[in-house]
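This is my_file_6.cif. It holds mmCIF, C-alpha atoms.
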```
data_model
#
loop_
_atom_site.label_atom_id
_atom_site.label_comp_id
_atom_site.auth_asym_id
_atom_site.auth_seq_id
_atom_site.Cartn_x
_atom_site.Cartn_y
_atom_site.Cartn_z
CA MET A 15 0.00 0.00 0.00
CA PRO A 16 1.48 3.36 -0.94
CA ASN A 17 2.22 5.82 1.81
CA GLN A 18 0.62 9.27 1.92
CA LYS A 19 3.65 10.91 0.40
CA SER A 20 4.04 8.63 -2.61
CA SER A 21 0.48 9.16 -3.78
CA HIS A 22 1.54 12.53 -5.18
CA ILE A 23 4.48 11.28 -7.24
CA PRO A 24 4.38 13.06 -10.63
CA ARG A 25 4.58 11.09 -13.86
CA ALA A 26 8.08 12.27 -14.81
CA THR A 27 9.32 11.19 -11.38
CA ILE A 28 7.84 7.70 -11.84
CA GLN A 29 9.82 7.37 -15.06
CA ARG A 30 13.03 8.41 -13.34
CA LEU A 31 12.30 6.08 -10.41
CA ALA A 32 11.97 3.19 -12.90
CA THR A 33 15.41 4.16 -14.22
CA TYR A 34 16.87 4.30 -10.70
CA VAL A 35 15.52 0.83 -9.94
CA GLN A 36 17.12 -0.55 -13.12
CA THR A 37 20.45 1.01 -12.27
CA LEU A 38 20.28 -0.06 -8.61
CA GLU A 39 19.47 -3.63 -9.69
CA ILE A 40 22.55 -3.74 -11.92
CA LEU A 41 24.61 -2.37 -8.99
CA ALA A 42 23.11 -5.01 -6.67
CA ARG A 43 23.96 -7.78 -9.17
CA ASP A 44 27.53 -6.44 -9.22
CA GLY A 45 27.69 -6.74 -5.42
CA VAL A 46 27.49 -3.01 -4.59
CA GLU A 47 25.86 -2.64 -1.15
CA VAL A 48 25.98 1.12 -0.55
CA ILE A 49 26.19 4.02 -3.01
CA SER A 50 26.16 7.78 -2.48
CA SER A 51 23.87 10.05 -4.47
CA ASN A 52 26.39 11.57 -6.90
CA PRO A 53 27.75 8.29 -8.36
CA LEU A 54 24.19 6.92 -8.41
CA ALA A 55 23.01 10.04 -10.27
CA ASP A 56 25.91 9.67 -12.68
CA ALA A 57 25.07 6.02 -13.40
CA CYS A 58 21.43 6.99 -13.97
CA GLY A 59 22.26 9.92 -16.24
CA VAL A 60 20.68 12.60 -14.03
CA ASN A 61 22.24 15.20 -11.75
CA GLY A 62 22.79 14.74 -8.02
CA SER A 63 20.27 17.31 -6.86
CA GLN A 64 17.57 15.74 -9.07
CA ILE A 65 18.10 12.28 -7.60
CA ARG A 66 18.14 13.60 -4.02
CA LYS A 67 14.89 15.46 -4.67
CA ASP A 68 13.24 12.38 -6.23
CA LEU A 69 14.35 10.10 -3.42
CA ALA A 70 13.02 12.54 -0.82
CA TYR A 71 9.59 11.06 -1.67
CA PHE A 72 10.70 7.97 0.19
CA GLY A 73 11.79 9.59 3.39
CA GLU A 74 15.33 9.27 4.62
CA PHE A 75 16.99 6.35 2.91
CA GLY A 76 20.32 8.07 2.61
CA VAL A 77 22.78 8.27 5.46
CA ARG A 78 24.84 11.46 5.27
CA GLY A 79 28.49 10.71 4.46
CA VAL A 80 27.67 7.04 3.80
CA GLY A 81 25.10 6.83 1.03
CA TYR A 82 22.07 4.74 0.16
CA ASN A 83 21.70 1.06 0.98
CA VAL A 84 21.16 -0.36 -2.51
CA LYS A 85 18.76 -3.20 -1.62
CA ALA A 86 16.75 -1.15 0.88
CA LEU A 87 16.33 1.62 -1.67
CA ILE A 88 15.15 -0.81 -4.38
CA MET A 89 12.59 -2.21 -1.94
CA ALA A 90 11.38 1.23 -0.84
CA ILE A 91 10.92 2.50 -4.40
CA THR A 92 9.27 -0.66 -5.75
CA ARG A 93 6.93 -0.86 -2.76
CA SER A 94 5.84 2.76 -3.13
CA LEU A 95 5.21 2.32 -6.85
CA GLY A 96 3.28 -0.92 -6.30
CA VAL A 97 5.74 -2.99 -8.29
CA ASP A 98 7.03 -5.13 -5.40
CA ARG A 99 4.28 -7.66 -6.12
CA GLU A 100 3.18 -9.82 -9.05
CA TRP A 101 1.13 -8.23 -11.82
CA LYS A 102 -0.68 -10.71 -14.08
CA MET A 103 -1.00 -9.72 -17.70
CA ALA A 104 -2.67 -10.90 -20.90
CA LEU A 105 -0.88 -10.59 -24.23
CA VAL A 106 -3.01 -10.02 -27.32
CA GLY A 107 -1.26 -10.67 -30.64
CA VAL A 108 1.38 -13.39 -30.83
CA GLY A 109 3.41 -12.20 -33.82
CA ASN A 110 7.18 -11.67 -33.68
CA LEU A 111 7.02 -8.86 -31.15
CA GLY A 112 4.44 -10.65 -28.98
CA ARG A 113 6.62 -13.76 -28.85
CA ALA A 114 9.70 -11.68 -27.97
CA ILE A 115 7.84 -10.05 -25.08
CA LEU A 116 6.55 -13.44 -23.93
CA ASN A 117 10.16 -14.62 -23.77
CA HIS A 118 11.59 -11.39 -22.32
CA ALA A 119 13.32 -12.48 -19.12
CA GLU A 120 13.20 -8.97 -17.60
CA PHE A 121 9.39 -8.94 -17.44
CA ARG A 122 9.21 -12.02 -15.22
CA ALA A 123 12.24 -10.90 -13.21
CA ARG A 124 10.26 -7.79 -12.22
CA GLY A 125 7.02 -9.60 -11.43
CA PHE A 126 5.18 -8.68 -14.63
CA ASN A 127 3.93 -12.12 -15.64
CA ILE A 128 2.04 -12.95 -18.80
CA VAL A 129 -0.53 -15.56 -17.76
CA GLY A 130 -2.71 -15.67 -20.89
CA ILE A 131 -1.95 -15.29 -24.61
CA PHE A 132 -4.54 -14.46 -27.25
CA ASP A 133 -4.80 -14.04 -31.00
CA CYS A 134 -7.61 -13.82 -33.54
CA ASP A 135 -5.75 -15.87 -36.17
CA PRO A 136 -7.32 -19.39 -36.29
CA PHE A 137 -3.94 -20.81 -37.36
CA LYS A 138 -2.34 -19.56 -34.15
CA ILE A 139 -5.14 -20.49 -31.74
CA GLY A 140 -4.30 -23.74 -29.95
CA GLU A 141 -0.55 -23.41 -30.52
CA VAL A 142 1.48 -23.76 -27.32
CA MET A 143 4.03 -21.03 -26.55
CA HIS A 144 6.00 -20.70 -23.37
CA GLY A 145 3.84 -23.41 -21.82
CA MET A 146 0.57 -21.64 -22.61
CA GLU A 147 -2.02 -22.33 -25.25
CA VAL A 148 -2.92 -19.43 -27.55
CA CYS A 149 -6.63 -18.68 -27.02
CA CYS A 150 -9.11 -16.85 -29.21
CA THR A 151 -9.18 -13.15 -28.27
CA ASP A 152 -12.96 -13.40 -27.87
CA ASP A 153 -12.33 -15.78 -24.92
CA LEU A 154 -10.41 -13.14 -22.97
CA LYS A 155 -13.70 -12.03 -21.38
CA ASN A 156 -14.31 -15.54 -20.01
CA CYS A 157 -10.91 -16.07 -18.42
CA ALA A 158 -9.61 -12.64 -17.36
CA SER A 159 -10.99 -12.68 -13.84
CA ARG A 160 -10.26 -16.41 -13.32
CA LEU A 161 -6.61 -15.78 -14.30
CA GLY A 162 -6.47 -12.57 -12.25
CA ILE A 163 -5.41 -10.46 -15.23
CA GLU A 164 -4.98 -6.75 -14.45
CA ILE A 165 -3.00 -5.47 -17.46
CA GLY A 166 -3.52 -6.13 -21.17
CA ILE A 167 -0.64 -5.91 -23.65
CA ILE A 168 -1.42 -5.21 -27.32
CA THR A 169 1.14 -6.52 -29.82
CA THR A 170 -1.13 -6.77 -32.86
CA PRO A 171 -0.59 -5.00 -36.20
CA PRO A 172 -1.89 -1.39 -36.07
CA GLU A 173 -5.14 -2.15 -37.89
CA ARG A 174 -6.15 -4.71 -35.24
CA ALA A 175 -5.18 -2.67 -32.18
CA GLN A 176 -8.63 -1.16 -31.58
CA ARG A 177 -10.32 -4.56 -31.73
CA ALA A 178 -7.77 -5.93 -29.25
CA ALA A 179 -8.39 -2.94 -26.96
CA ASN A 180 -12.14 -3.54 -27.13
CA ASN A 181 -11.66 -7.18 -26.12
CA ILE A 182 -9.41 -6.17 -23.22
CA ILE A 183 -11.88 -3.55 -21.97
CA ASP A 184 -14.85 -5.95 -22.35
CA ALA A 185 -12.95 -8.35 -20.12
CA GLY A 186 -12.95 -5.72 -17.35
CA ILE A 187 -9.25 -4.88 -17.65
CA ASN A 188 -8.55 -1.13 -17.27
CA ALA A 189 -4.79 -0.92 -17.90
CA ILE A 190 -3.31 -1.35 -21.39
CA LEU A 191 0.26 -1.37 -22.66
CA CYS A 192 0.04 -0.79 -26.42
CA PHE A 193 2.97 -1.71 -28.68
CA ALA A 194 0.95 -1.38 -31.89
CA PRO A 195 1.83 1.78 -33.87
CA ALA A 196 -1.73 3.11 -33.68
CA ARG A 197 -3.88 5.17 -31.32
CA ILE A 198 -6.76 3.42 -29.61
CA ARG A 199 -9.97 4.86 -28.18
CA VAL A 200 -10.85 3.88 -24.63
CA PRO A 201 -13.30 5.01 -21.92
CA ALA A 202 -12.01 7.57 -19.39
CA ASN A 203 -11.43 4.94 -16.68
CA VAL A 204 -8.99 2.95 -18.83
CA HIS A 205 -5.29 3.86 -18.67
CA VAL A 206 -3.29 3.31 -21.87
CA GLU A 207 0.50 3.52 -22.16
CA TYR A 208 2.00 3.51 -25.65
CA VAL A 209 5.41 2.01 -26.30
CA ASP A 210 6.08 3.81 -29.52
CA PHE A 211 9.32 2.93 -31.29
CA PHE A 212 8.71 5.59 -33.91
CA HIS A 213 8.50 8.45 -31.42
CA HIS A 214 12.10 7.63 -30.63
CA LEU A 215 13.27 6.96 -34.18
CA TYR A 216 11.69 10.21 -35.37
CA ALA A 217 13.46 12.09 -32.57
CA LEU A 218 16.82 10.52 -33.55
CA ALA A 219 16.33 11.23 -37.24
CA PHE A 220 15.17 14.81 -36.67
CA ASN A 221 18.10 15.42 -34.33
CA LYS A 222 20.52 14.17 -36.98
CA ILE A 223 19.19 16.37 -39.75
CA GLN A 224 19.36 19.33 -37.35
CA ASP A 225 23.01 18.53 -36.57
CA GLU A 226 23.83 18.31 -40.25
CA SER A 227 22.04 21.49 -41.30
CA MET B 4 16.16 19.54 -45.84
CA PRO B 5 14.10 21.04 -43.03
CA ASN B 6 12.64 24.48 -43.53
CA GLN B 7 13.51 27.36 -41.23
CA LYS B 8 10.35 26.96 -39.20
CA SER B 9 10.66 23.24 -38.51
CA SER B 10 14.15 23.56 -37.00
CA HIS B 11 12.53 24.84 -33.81
CA ILE B 12 10.05 21.99 -33.34
CA PRO B 13 10.05 21.04 -29.63
CA ARG B 14 10.53 17.44 -28.55
CA ALA B 15 6.93 16.95 -27.35
CA THR B 16 5.68 18.19 -30.71
CA ILE B 17 7.89 15.68 -32.56
CA GLN B 18 6.28 12.88 -30.54
CA ARG B 19 2.79 14.11 -31.38
CA LEU B 20 3.77 14.51 -35.05
CA ALA B 21 4.88 10.86 -35.07
CA THR B 22 1.43 9.98 -33.73
CA TYR B 23 -0.30 12.10 -36.39
CA VAL B 24 1.68 10.38 -39.14
CA GLN B 25 0.66 6.95 -37.81
CA THR B 26 -2.99 7.95 -37.67
CA LEU B 27 -2.89 9.62 -41.10
CA GLU B 28 -1.28 6.52 -42.60
CA ILE B 29 -4.08 4.33 -41.24
CA LEU B 30 -6.61 6.81 -42.69
CA ALA B 31 -4.78 6.76 -46.05
CA ARG B 32 -4.84 2.93 -46.07
CA ASP B 33 -8.59 3.13 -45.43
CA GLY B 34 -8.99 5.38 -48.48
CA VAL B 35 -9.64 8.67 -46.61
CA GLU B 36 -8.39 11.55 -48.80
CA VAL B 37 -9.34 14.62 -46.78
CA ILE B 38 -9.94 15.06 -43.04
CA SER B 39 -10.75 18.12 -40.96
CA SER B 40 -8.83 18.92 -37.79
CA ASN B 41 -11.40 17.88 -35.18
CA PRO B 42 -11.93 14.27 -36.35
CA LEU B 43 -8.18 13.98 -36.95
CA ALA B 44 -7.51 15.25 -33.40
CA ASP B 45 -10.08 12.79 -32.07
CA ALA B 46 -8.44 9.87 -33.89
CA CYS B 47 -5.04 10.93 -32.53
CA GLY B 48 -6.26 11.37 -28.97
CA VAL B 49 -5.46 15.10 -28.73
CA ASN B 50 -7.70 18.17 -28.83
CA GLY B 51 -8.44 20.18 -31.97
CA SER B 52 -6.61 23.33 -30.93
CA GLN B 53 -3.48 21.28 -30.11
CA ILE B 54 -3.39 19.65 -33.54
CA ARG B 55 -4.00 22.97 -35.34
CA LYS B 56 -1.16 24.54 -33.35
CA ASP B 57 1.21 21.63 -34.10
CA LEU B 58 0.38 21.61 -37.79
CA ALA B 59 0.98 25.35 -38.00
CA TYR B 60 4.69 24.45 -38.08
CA PHE B 61 4.09 23.19 -41.60
CA GLY B 62 2.44 26.26 -43.01
CA GLU B 63 -1.04 26.14 -44.40
CA PHE B 64 -1.95 22.55 -45.18
CA GLY B 65 -5.53 22.90 -44.09
CA VAL B 66 -8.19 24.44 -46.28
CA ARG B 67 -10.86 26.17 -44.17
CA GLY B 68 -14.17 24.33 -44.36
CA VAL B 69 -12.58 21.43 -46.24
CA GLY B 70 -9.78 19.96 -44.13
CA TYR B 71 -6.34 18.52 -44.61
CA ASN B 72 -5.29 16.49 -47.63
CA VAL B 73 -4.16 13.27 -45.92
CA LYS B 74 -1.32 12.31 -48.26
CA ALA B 75 0.02 15.86 -48.61
CA LEU B 76 0.06 16.26 -44.84
CA ILE B 77 1.94 12.96 -44.33
CA MET B 78 4.53 14.10 -46.88
CA ALA B 79 4.90 17.55 -45.32
CA ILE B 80 5.36 16.20 -41.79
CA THR B 81 7.75 13.38 -42.72
CA ARG B 82 9.83 15.70 -44.90
CA SER B 83 10.19 18.29 -42.16
CA LEU B 84 11.18 15.64 -39.62
CA GLY B 85 13.70 14.08 -42.02
CA VAL B 86 11.88 10.76 -42.10
CA ASP B 87 10.83 10.87 -45.76
CA ARG B 88 14.08 9.12 -46.71
CA GLU B 89 15.83 5.85 -45.85
CA TRP B 90 17.73 5.59 -42.57
CA LYS B 91 20.18 2.69 -42.38
CA MET B 92 20.58 1.07 -39.00
CA ALA B 93 22.71 -1.56 -37.28
CA LEU B 94 21.16 -3.91 -34.73
CA VAL B 95 23.38 -5.11 -31.88
CA GLY B 96 22.06 -8.13 -29.97
CA VAL B 97 20.07 -10.76 -31.86
CA GLY B 98 18.08 -12.30 -29.00
CA ASN B 99 14.29 -12.59 -29.05
CA LEU B 100 13.67 -8.87 -29.06
CA GLY B 101 16.37 -8.19 -31.66
CA ARG B 102 14.87 -10.79 -33.98
CA ALA B 103 11.37 -9.35 -33.51
CA ILE B 104 12.62 -5.89 -34.42
CA LEU B 105 14.48 -7.30 -37.42
CA ASN B 106 11.18 -8.79 -38.61
CA HIS B 107 9.01 -5.80 -37.66
CA ALA B 108 7.29 -4.81 -40.90
CA GLU B 109 6.56 -1.27 -39.69
CA PHE B 110 10.26 -0.35 -39.50
CA ARG B 111 10.90 -1.06 -43.17
CA ALA B 112 7.55 0.45 -44.17
CA ARG B 113 8.76 3.75 -42.70
CA GLY B 114 12.23 3.66 -44.24
CA PHE B 115 14.10 2.58 -41.10
CA ASN B 116 16.12 -0.32 -42.52
CA ILE B 117 18.36 -2.62 -40.57
CA VAL B 118 21.33 -3.28 -42.86
CA GLY B 119 23.73 -4.98 -40.44
CA ILE B 120 23.21 -7.34 -37.47
CA PHE B 121 25.77 -7.94 -34.76
CA ASP B 122 26.24 -10.07 -31.66
CA CYS B 123 29.13 -11.03 -29.41
CA ASP B 124 27.94 -14.63 -28.96
CA PRO B 125 30.20 -16.93 -31.06
CA PHE B 126 27.28 -19.36 -31.47
CA LYS B 127 25.21 -16.65 -33.18
CA ILE B 128 27.96 -15.15 -35.36
CA GLY B 129 27.65 -16.47 -38.91
CA GLU B 130 23.98 -17.39 -38.55
CA VAL B 131 21.80 -15.93 -41.33
CA MET B 132 18.70 -13.96 -40.30
CA HIS B 133 16.47 -12.03 -42.61
CA GLY B 134 19.01 -12.52 -45.39
CA MET B 135 21.90 -11.09 -43.37
CA GLU B 136 24.77 -12.82 -41.65
CA VAL B 137 25.24 -12.06 -37.95
CA CYS B 138 28.66 -10.41 -37.55
CA CYS B 139 30.88 -10.05 -34.51
CA THR B 140 30.12 -6.74 -32.76
CA ASP B 141 33.83 -5.88 -32.92
CA ASP B 142 33.46 -5.76 -36.74
CA LEU B 143 30.90 -2.96 -36.60
CA LYS B 144 33.73 -0.45 -36.80
CA ASN B 145 34.94 -1.93 -40.10
CA CYS B 146 31.62 -1.95 -41.90
CA ALA B 147 29.56 0.96 -40.52
CA SER B 148 30.63 3.54 -43.06
CA ARG B 149 30.65 1.05 -45.97
CA LEU B 150 27.05 0.10 -45.11
CA GLY B 151 26.06 3.75 -44.53
CA ILE B 152 24.84 3.08 -40.99
CA GLU B 153 23.60 6.17 -39.16
CA ILE B 154 21.64 4.71 -36.22
CA GLY B 155 22.59 1.87 -33.85
CA ILE B 156 19.92 -0.21 -32.08
CA ILE B 157 20.84 -1.97 -28.83
CA THR B 158 18.82 -5.09 -28.03
CA THR B 159 21.32 -6.82 -25.76
CA PRO B 160 20.69 -7.87 -22.15
CA PRO B 161 21.20 -4.92 -19.74
CA GLU B 162 24.68 -6.00 -18.64
CA ARG B 163 25.98 -5.88 -22.24
CA ALA B 164 24.36 -2.58 -23.23
CA GLN B 165 27.38 -0.40 -22.40
CA ARG B 166 29.72 -2.60 -24.41
CA ALA B 167 27.33 -2.46 -27.37
CA ALA B 168 27.14 1.33 -27.04
CA ASN B 169 30.94 1.56 -27.02
CA ASN B 170 31.13 -0.49 -30.22
CA ILE B 171 28.51 1.69 -31.88
CA ILE B 172 30.27 4.92 -30.89
CA ASP B 173 33.68 3.55 -31.95
CA ALA B 174 32.15 2.91 -35.35
CA GLY B 175 31.39 6.62 -35.69
CA ILE B 176 27.62 6.28 -35.18
CA ASN B 177 26.16 9.08 -33.05
CA ALA B 178 22.49 8.05 -32.73
CA ILE B 179 21.42 5.13 -30.54
CA LEU B 180 18.04 3.53 -29.88
CA CYS B 181 18.43 1.51 -26.67
CA PHE B 182 15.95 -1.26 -25.84
CA ALA B 183 18.10 -2.73 -23.06
CA PRO B 184 16.75 -1.95 -19.58
CA ALA B 185 19.93 -0.13 -18.55
CA ARG B 186 21.42 3.37 -18.78
CA ILE B 187 24.46 3.83 -20.99
CA ARG B 188 27.18 6.49 -20.84
CA VAL B 189 27.95 8.30 -24.07
CA PRO B 190 29.89 11.41 -25.14
CA ALA B 191 27.90 14.66 -25.43
CA ASN B 192 27.66 14.45 -29.24
CA VAL B 193 25.86 11.09 -29.15
CA HIS B 194 22.06 11.09 -28.95
CA VAL B 195 20.46 8.17 -27.10
CA GLU B 196 16.76 7.34 -27.04
CA TYR B 197 15.58 4.71 -24.56
CA VAL B 198 12.59 2.50 -25.35
CA ASP B 199 11.83 1.53 -21.81
CA PHE B 200 9.00 -0.96 -21.33
CA PHE B 201 9.24 -0.64 -17.55
CA HIS B 202 8.66 3.11 -17.50
CA HIS B 203 5.25 2.31 -18.92
CA LEU B 204 4.54 -0.77 -16.82
CA TYR B 205 5.51 1.11 -13.66
CA ALA B 206 3.17 3.94 -14.63
CA LEU B 207 0.29 1.48 -15.22
CA ALA B 208 0.92 -0.35 -11.95
CA PHE B 209 1.25 2.85 -9.91
CA ASN B 210 -1.91 4.23 -11.47
CA LYS B 211 -3.80 1.08 -10.52
CA ILE B 212 -2.74 1.10 -6.89
CA GLN B 213 -3.69 4.79 -6.74
CA ASP B 214 -7.16 3.99 -8.13
CA GLU B 215 -7.62 1.22 -5.60
CA SER B 216 -6.43 3.15 -2.57
#
```

Could you write out this structure as structure tokens?
Amino acid sequence: MPNQKSSHIPRATIQRLATYVQTLEILARDGVEVISSNPLADACGVNGSQIRKDLAYFGEFGVRGVGYNVKALIMAITRSLGVDREWKMALVGVGNLGRAILNHAEFRARGFNIVGIFDCDPFKIGEVMHGMEVCCTDDLKNCASRLGIEIGIITTPPERAQRAANNIIDAGINAILCFAPARIRVPANVHVEYVDFFHHLYALAFNKIQDES
Amino acid sequence: MPNQKSSHIPRATIQRLATYVQTLEILARDGVEVISSNPLADACGVNGSQIRKDLAYFGEFGVRGVGYNVKALIMAITRSLGVDREWKMALVGVGNLGRAILNHAEFRARGFNIVGIFDCDPFKIGEVMHGMEVCCTDDLKNCASRLGIEIGIITTPPERAQRAANNIIDAGINAILCFAPARIRVPANVHVEYVDFFHHLYALAFNKIQDES
């Protein structure tokens, strides 16, 4: 359960906190037990005052002159963000990208588990991937609550993204991670996050032509 | 070549422009020739005044009372962003995600072509994927300029991301799209974009625990 303070964490801070957790986890794997804010900031690509401000949301985890306890800080951040527990997810669209996400070790390592996989292609339905049978997307409604699914992932081609979203919403799921390069329409109570490769590629390309001009 | 006006496009606008292009391309595929700003805004998930403001960067593409010509608007936006031409890319790390990106039809459809694939795993080097032989990452330096590579994509595990970045930078490539859940250190002249699945999953999870509390 989040504490009073964390309930006001702004969106940009959440993104930086996710970055801090990633960096802290790599440090923990490398056997680092304590780190002070400046080297941590450096490893995360932010400045020291930014990281100290962000971590102030979690009370006093730093010890002056010593630094942050790496494991305690990971636990404090992940607990406040609600990511210290398992989140069960459904994946809709088992093409190349869907399969890659299904096999992505980092998802499971962070407690984001895909527990149901769906497709509308009759040639894919019934196929077993990663120990799960591909089900018809229309069946999502019947098994979402039984499987405890809270997040739906869309990895369909763009033209099928809206249909996938409709199936997810009909199943009572109100959080969607959309990898399809398309915008979807959802009711106000449904939260959609877009992972948009082209936002980033466009930014890189535009930056390069600016540099060259 | 970008026009004078477009050289000042802010980052947030570039991201929205990428979204508009996606939506316009779906409309074009569906045979829509002309669209007015309000339905276009609706399809893109922004408000009408926002889209009119953003499109003002491109001069007068709208005709009052008629709307925007879909194909002309796609061409104007992509030309100004520098994405109306081919961009050649190297992919470093041919695991599940790397292979999915290699096979992602939308990349090629938008002119972002992967022309070289690299890995440091001796068991993968020499394997042929998508008509290309996997090369040793150390060889990137020798073939980047011959292949005309301008963007490097990192799809390694997090612990190998920095090494991949170093190879890319050594090869004279100054634009990186990083899919590895790790931060990399680069010189000031190198532009890195992170595609971070966990930023989005953390935001979804945090949003849900806020709703429930």

Evaluated on this file, the PyMOL selection byres ((chain A and resi 23-30) around 9) picks out some residues - which ones are they, written as a PyMOL selection string? (chain A and resi 19-22+31-35+58+60+65+68+71+95) or (chain B and resi 201-203+205-206+209)

Residues matched by the PyMOL selection byres ((chain A and resi 203) around 12) as a PyMOL selection string: (chain A and resi 183+186-190+199-202+204-206) or (chain B and resi 210-211+214)

For the residues in the current selection, export C-alpha atoms as a compact mmCIF listing (two decimals), keeping the file's coordinate frame.
```txt
# COMPACT_ATOMS: atom_id res chain seq x y z
CA ILE A 183 -11.88 -3.55 -21.97
CA GLY A 186 -12.95 -5.72 -17.35
CA ILE A 187 -9.25 -4.88 -17.65
CA ASN A 188 -8.55 -1.13 -17.27
CA ALA A 189 -4.79 -0.92 -17.90
CA ILE A 190 -3.31 -1.35 -21.39
CA ARG A 199 -9.97 4.86 -28.18
CA VAL A 200 -10.85 3.88 -24.63
CA PRO A 201 -13.30 5.01 -21.92
CA ALA A 202 -12.01 7.57 -19.39
CA VAL A 204 -8.99 2.95 -18.83
CA HIS A 205 -5.29 3.86 -18.67
CA VAL A 206 -3.29 3.31 -21.87
CA ASN B 210 -1.91 4.23 -11.47
CA LYS B 211 -3.80 1.08 -10.52
CA ASP B 214 -7.16 3.99 -8.13
```

Would you translate the PyMOL selection byres ((chain A and resi 57) around 8) into the concrete set of residues it matches in this file, as a PDB file with C-alpha atoms, keeping the file's coordinate frame?
```
ATOM      1  CA  THR A  37      20.450   1.010 -12.270  1.00  0.00           C
ATOM      2  CA  PRO A  53      27.750   8.290  -8.360  1.00  0.00           C
ATOM      3  CA  LEU A  54      24.190   6.920  -8.410  1.00  0.00           C
ATOM      4  CA  ALA A  55      23.010  10.040 -10.270  1.00  0.00           C
ATOM      5  CA  ASP A  56      25.910   9.670 -12.680  1.00  0.00           C
ATOM      6  CA  CYS A  58      21.430   6.990 -13.970  1.00  0.00           C
ATOM      7  CA  GLY A  59      22.260   9.920 -16.240  1.00  0.00           C
ATOM      8  CA  VAL A  60      20.680  12.600 -14.030  1.00  0.00           C
TER       9      VAL A  60
ATOM     10  CA  ARG B 186      21.420   3.370 -18.780  1.00  0.00           C
ATOM     11  CA  ILE B 187      24.460   3.830 -20.990  1.00  0.00           C
ATOM     12  CA  ARG B 188      27.180   6.490 -20.840  1.00  0.00           C
TER      13      ARG B 188
END
```

Listing only residues of segment 87-119 of chain A within 10 Å of segment 104-107 of chain B, what is the closest atom pair and its distance in Å (to one decimal) for each, using all atoms listed in the file, sorted by chain and residue number ascending, as JSON lines?
```
{"residue": "A:Gly109", "atom": "CA", "partner": "B:His107", "partner_atom": "CA", "distance": 9.3}
{"residue": "A:Asn110", "atom": "CA", "partner": "B:Asn106", "partner_atom": "CA", "distance": 7.0}
{"residue": "A:Leu111", "atom": "CA", "partner": "B:Ile104", "partner_atom": "CA", "distance": 7.1}
{"residue": "A:Ala114", "atom": "CA", "partner": "B:Ile104", "partner_atom": "CA", "distance": 9.1}
```

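Contact shell of Val73 of chain B at 10 Å (only C-alpha atoms; same-chain neighbours under 4 positions omitted): Val24, Thr26, Leu27, Glu28, Leu30, Ala31, Gly34, Val35, Glu36, Val37, Ile38, Ser39, Leu43, Phe64, Gly65, Ile77 and Met78 of chain B.
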
So how many Å separate atom CA of Ile128 of chain B and atom CA of Val198 of chain B, to one decimal?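 Straight-line distance from atom CA of Ile128 of chain B to atom CA of Val198 of chain B works out to 25.5 Å.
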
Report the distance between atom CA of Asn181 of chain A and atom CA of Asp199 of chain B in Å, rounded to one decimal place.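 Separating atom CA of Asn181 of chain A from atom CA of Asp199 of chain B is a distance of 25.4 Å.
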
Between A:Glu120, A:Lys102, A:Gly112, A:Val97, smallest distance to Thr159 of chain B by all atoms listed in the file belongs to A:Glu120

Can you tell me which residues surround segment 148-157 of chain A at a distance of at most 6 Å, considering only C-alpha atoms, apart from same-chain residues fewer than 3 positions away, and format the answer as a list in words?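 With the cut-off at 6 Å, the set is Ile131, Phe132, Asp133, Cys134, Ile139, Gly140, Glu141, Arg160, Leu161 and Ala185 of chain A.
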